[in-house]
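Quick look at query_25.txt (compact mmCIF, C-alpha atoms and all ligand atoms):
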# COMPACT_ATOMS: atom_id res chain seq x y z
CA MET A 28 164.21 167.88 143.07
CA ALA A 29 160.57 168.76 142.59
CA GLU A 30 158.09 171.49 143.36
CA ILE A 31 154.63 171.38 144.84
CA LEU A 32 152.52 174.27 143.62
CA PHE A 33 149.90 174.83 146.27
CA HIS A 34 147.87 177.21 148.39
CA PRO A 35 147.97 176.98 152.19
CA LEU A 36 144.17 176.86 152.44
CA SER A 37 143.83 173.96 150.01
CA THR A 38 142.93 170.77 151.82
CA TYR A 39 144.05 168.75 148.77
CA ALA A 40 147.46 170.39 148.97
CA ARG A 41 147.63 169.81 152.73
CA ARG A 42 147.00 166.12 152.14
CA VAL A 43 150.03 165.91 149.88
CA HIS A 44 152.20 167.94 152.25
CA MET A 45 151.23 165.83 155.27
CA ALA A 46 152.04 162.61 153.42
CA LEU A 47 155.47 163.93 152.47
CA LEU A 48 156.15 165.03 156.05
CA GLU A 49 155.13 161.64 157.39
CA LYS A 50 157.40 159.89 154.88
CA GLY A 51 160.29 162.22 155.73
CA LEU A 52 160.38 163.42 152.13
CA ALA A 53 159.33 167.06 152.56
CA SER A 54 162.89 168.39 152.26
CA ARG A 55 163.05 167.06 148.71
CA PHE A 56 160.26 169.38 147.58
CA GLU A 57 160.06 173.12 147.21
CA MET A 58 156.65 174.41 148.25
CA VAL A 59 155.57 177.14 145.80
CA VAL A 60 152.53 179.22 146.73
CA VAL A 61 150.08 179.89 143.89
CA ASP A 62 148.31 183.24 144.28
CA MET A 63 144.79 181.89 144.06
CA PRO A 64 143.03 185.09 145.20
CA ALA A 65 144.66 186.73 142.15
CA ARG A 66 143.41 183.82 139.98
CA GLU A 67 146.96 182.82 139.07
CA HIS A 68 145.77 179.20 138.90
CA ARG A 69 143.36 180.03 136.08
CA ARG A 70 145.88 181.36 133.55
CA ALA A 71 149.19 180.45 131.96
CA PRO A 72 151.79 179.46 132.92
CA PHE A 73 149.91 177.57 135.65
CA THR A 74 147.32 176.18 133.24
CA ASP A 75 150.14 174.89 131.03
CA LEU A 76 150.92 172.56 133.93
CA ASN A 77 147.34 171.80 134.91
CA PRO A 78 144.63 172.70 132.40
CA TYR A 79 142.01 172.13 135.12
CA GLY A 80 143.38 175.14 136.99
CA ARG A 81 143.53 173.44 140.37
CA VAL A 82 146.10 172.93 143.09
CA PRO A 83 148.09 171.04 144.06
CA VAL A 84 150.40 170.37 141.16
CA LEU A 85 153.45 168.24 141.70
CA ARG A 86 156.11 169.18 139.19
CA VAL A 87 159.28 167.17 138.69
CA LEU A 88 162.07 169.47 137.57
CA ASP A 89 164.63 168.59 134.88
CA GLY A 90 161.99 167.77 132.30
CA GLY A 91 159.89 165.49 134.48
CA PRO A 92 156.11 165.39 134.46
CA ALA A 93 153.59 167.75 136.02
CA LEU A 94 150.97 165.80 137.95
CA PRO A 95 147.75 167.59 138.91
CA PRO A 96 145.71 165.01 140.83
CA SER A 97 146.67 164.49 144.45
CA CYS A 98 146.28 160.73 144.50
CA GLU A 99 148.25 160.02 141.35
CA GLY A 100 150.87 162.54 142.39
CA LEU A 101 151.26 160.95 145.77
CA ALA A 102 151.57 157.50 144.26
CA TYR A 103 154.23 158.69 141.86
CA PHE A 104 156.38 160.43 144.44
CA LEU A 105 155.99 158.03 147.32
CA PHE A 106 156.28 154.77 145.42
CA GLU A 107 158.04 155.60 142.14
CA GLY A 108 159.75 158.97 142.10
CA CYS A 109 161.48 158.74 145.48
CA GLY A 110 162.27 155.07 145.42
CA THR A 111 160.81 154.39 148.85
N1 LIG B 201 141.29 166.28 141.99
C1 LIG B 201 142.12 167.37 142.47
C2 LIG B 201 141.24 168.48 143.05
C3 LIG B 201 142.02 169.66 143.52
C4 LIG B 201 141.13 170.84 143.85
O1 LIG B 201 139.90 170.78 143.68
N2 LIG B 201 141.74 171.91 144.32
C5 LIG B 201 141.01 173.12 144.64
C6 LIG B 201 141.54 173.75 145.93
S1 LIG B 201 141.32 172.72 147.35
C7 LIG B 201 141.26 174.17 143.59
O2 LIG B 201 142.38 174.28 143.11
N3 LIG B 201 140.23 174.95 143.25
C8 LIG B 201 140.41 176.08 142.39
C9 LIG B 201 139.31 176.26 141.40
O3 LIG B 201 138.54 175.30 141.17
O4 LIG B 201 139.26 177.35 140.82
C10 LIG B 201 143.08 166.81 143.50
O5 LIG B 201 142.82 165.74 144.08
O6 LIG B 201 144.14 167.41 143.71
Can the structure in the file be given as structure tokens, please?
Amino acid sequence: MAEILFHPLSTYARRVHMALLEKGLASRFEMVVVDMPAREHRRAPFTDLNPYGRVPVLRVLDGGPALPPSCEGLAYFLFEGCGT
């Protein structure tokens, strides 16, 4: 299982979510809203996951990696992490 830390208004996050929906993989991910208006993305613990302070972050649970960039995250989940 994995989490996607996102904000609904983020077009980068929407890109990831749409790809997962199209692949039928969305149920494998918990969508976790980051309170960006409260600047949650600019302080720990969020910045421990992504020092750039940007969404989305794709976090593999059980000790897996946190992957900030959309493209690399997509590649990992769609072609490596989910075995599709
Ligand atoms: N290279 C990143 C960029 C992500 C990005 O720029 N996200 C914006 C929201 S759409 C963000 O988190 N901005 C917050 C900020 O810069 O404070 C990706 O592809 O995911």
Give me the residues of chain A that have any atom at most 8 Å from an atom of ligand LIG 201 (chain B); for each, the nearest atom pair and the distance in Å, rounded to one decimal. Use all atoms listed in the file, sort by chain and number, and format it as CSV.
residue,atom,partner,partner_atom,distance
A:His34,CA,B:LIG201,C6,7.6
A:Leu36,CA,B:LIG201,S1,7.2
A:Ser37,CA,B:LIG201,S1,3.9
A:Thr38,CA,B:LIG201,S1,5.1
A:Tyr39,CA,B:LIG201,S1,5.0
A:Ala40,CA,B:LIG201,S1,6.8
A:Met63,CA,B:LIG201,C8,7.5
A:Arg66,CA,B:LIG201,O4,7.7
A:His68,CA,B:LIG201,O4,7.0
A:Arg69,CA,B:LIG201,O4,6.8
A:Tyr79,CA,B:LIG201,O3,7.7
A:Gly80,CA,B:LIG201,O4,6.0
A:Arg81,CA,B:LIG201,O2,3.1
A:Val82,CA,B:LIG201,O2,4.0
A:Pro83,CA,B:LIG201,O6,5.4
A:Val84,CA,B:LIG201,O6,7.4
A:Pro95,CA,B:LIG201,O6,6.0
A:Pro96,CA,B:LIG201,O6,4.1
A:Ser97,CA,B:LIG201,O6,3.9
A:Cys98,CA,B:LIG201,O5,6.1
Ala53 (chain A): which residues within 8 Å, counting all atoms listed in the file, same-chain residues fewer than 5 positions away excluded, as an MDAnalysis selection string? chainID A and resid 44 47:48
For the residues selected in the previous step, produce a file with C-alpha atoms as a compact mmCIF listing (two decimals), keeping the file's coordinate frame.
# COMPACT_ATOMS: atom_id res chain seq x y z
CA HIS A 44 152.20 167.94 152.25
CA LEU A 47 155.47 163.93 152.47
CA LEU A 48 156.15 165.03 156.05
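CA of Asn77 (chain A) sits 17.6 Å away from CA of Asp89 (chain A).
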In Å, rounded to a single decimal, give me how far CA of Arg55 (chain A) is from CA of Glu30 (chain A).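 Computing it gives 8.5 Å between the two atoms.
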CA of Ile31 (chain A) to CA of Met58 (chain A), distance in Å rounded to a single decimal: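 Straight-line distance from CA of Ile31 (chain A) to CA of Met58 (chain A) works out to 5.0 Å.
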Determine, counting all atoms listed in the file, every residue of protein, DNA or RNA that lies within 12 Å of (163.5, 170.3, 143.7) in the file coordinates, then give the result as a list in words. Met28, Ala29, Glu30, Ile31, Leu32, Leu52, Ala53, Ser54, Arg55, Phe56, Glu57, Met58, Val59, Leu85, Arg86, Val87, Leu88, Asp89, Gly90, Gly91 and Cys109 of chain A
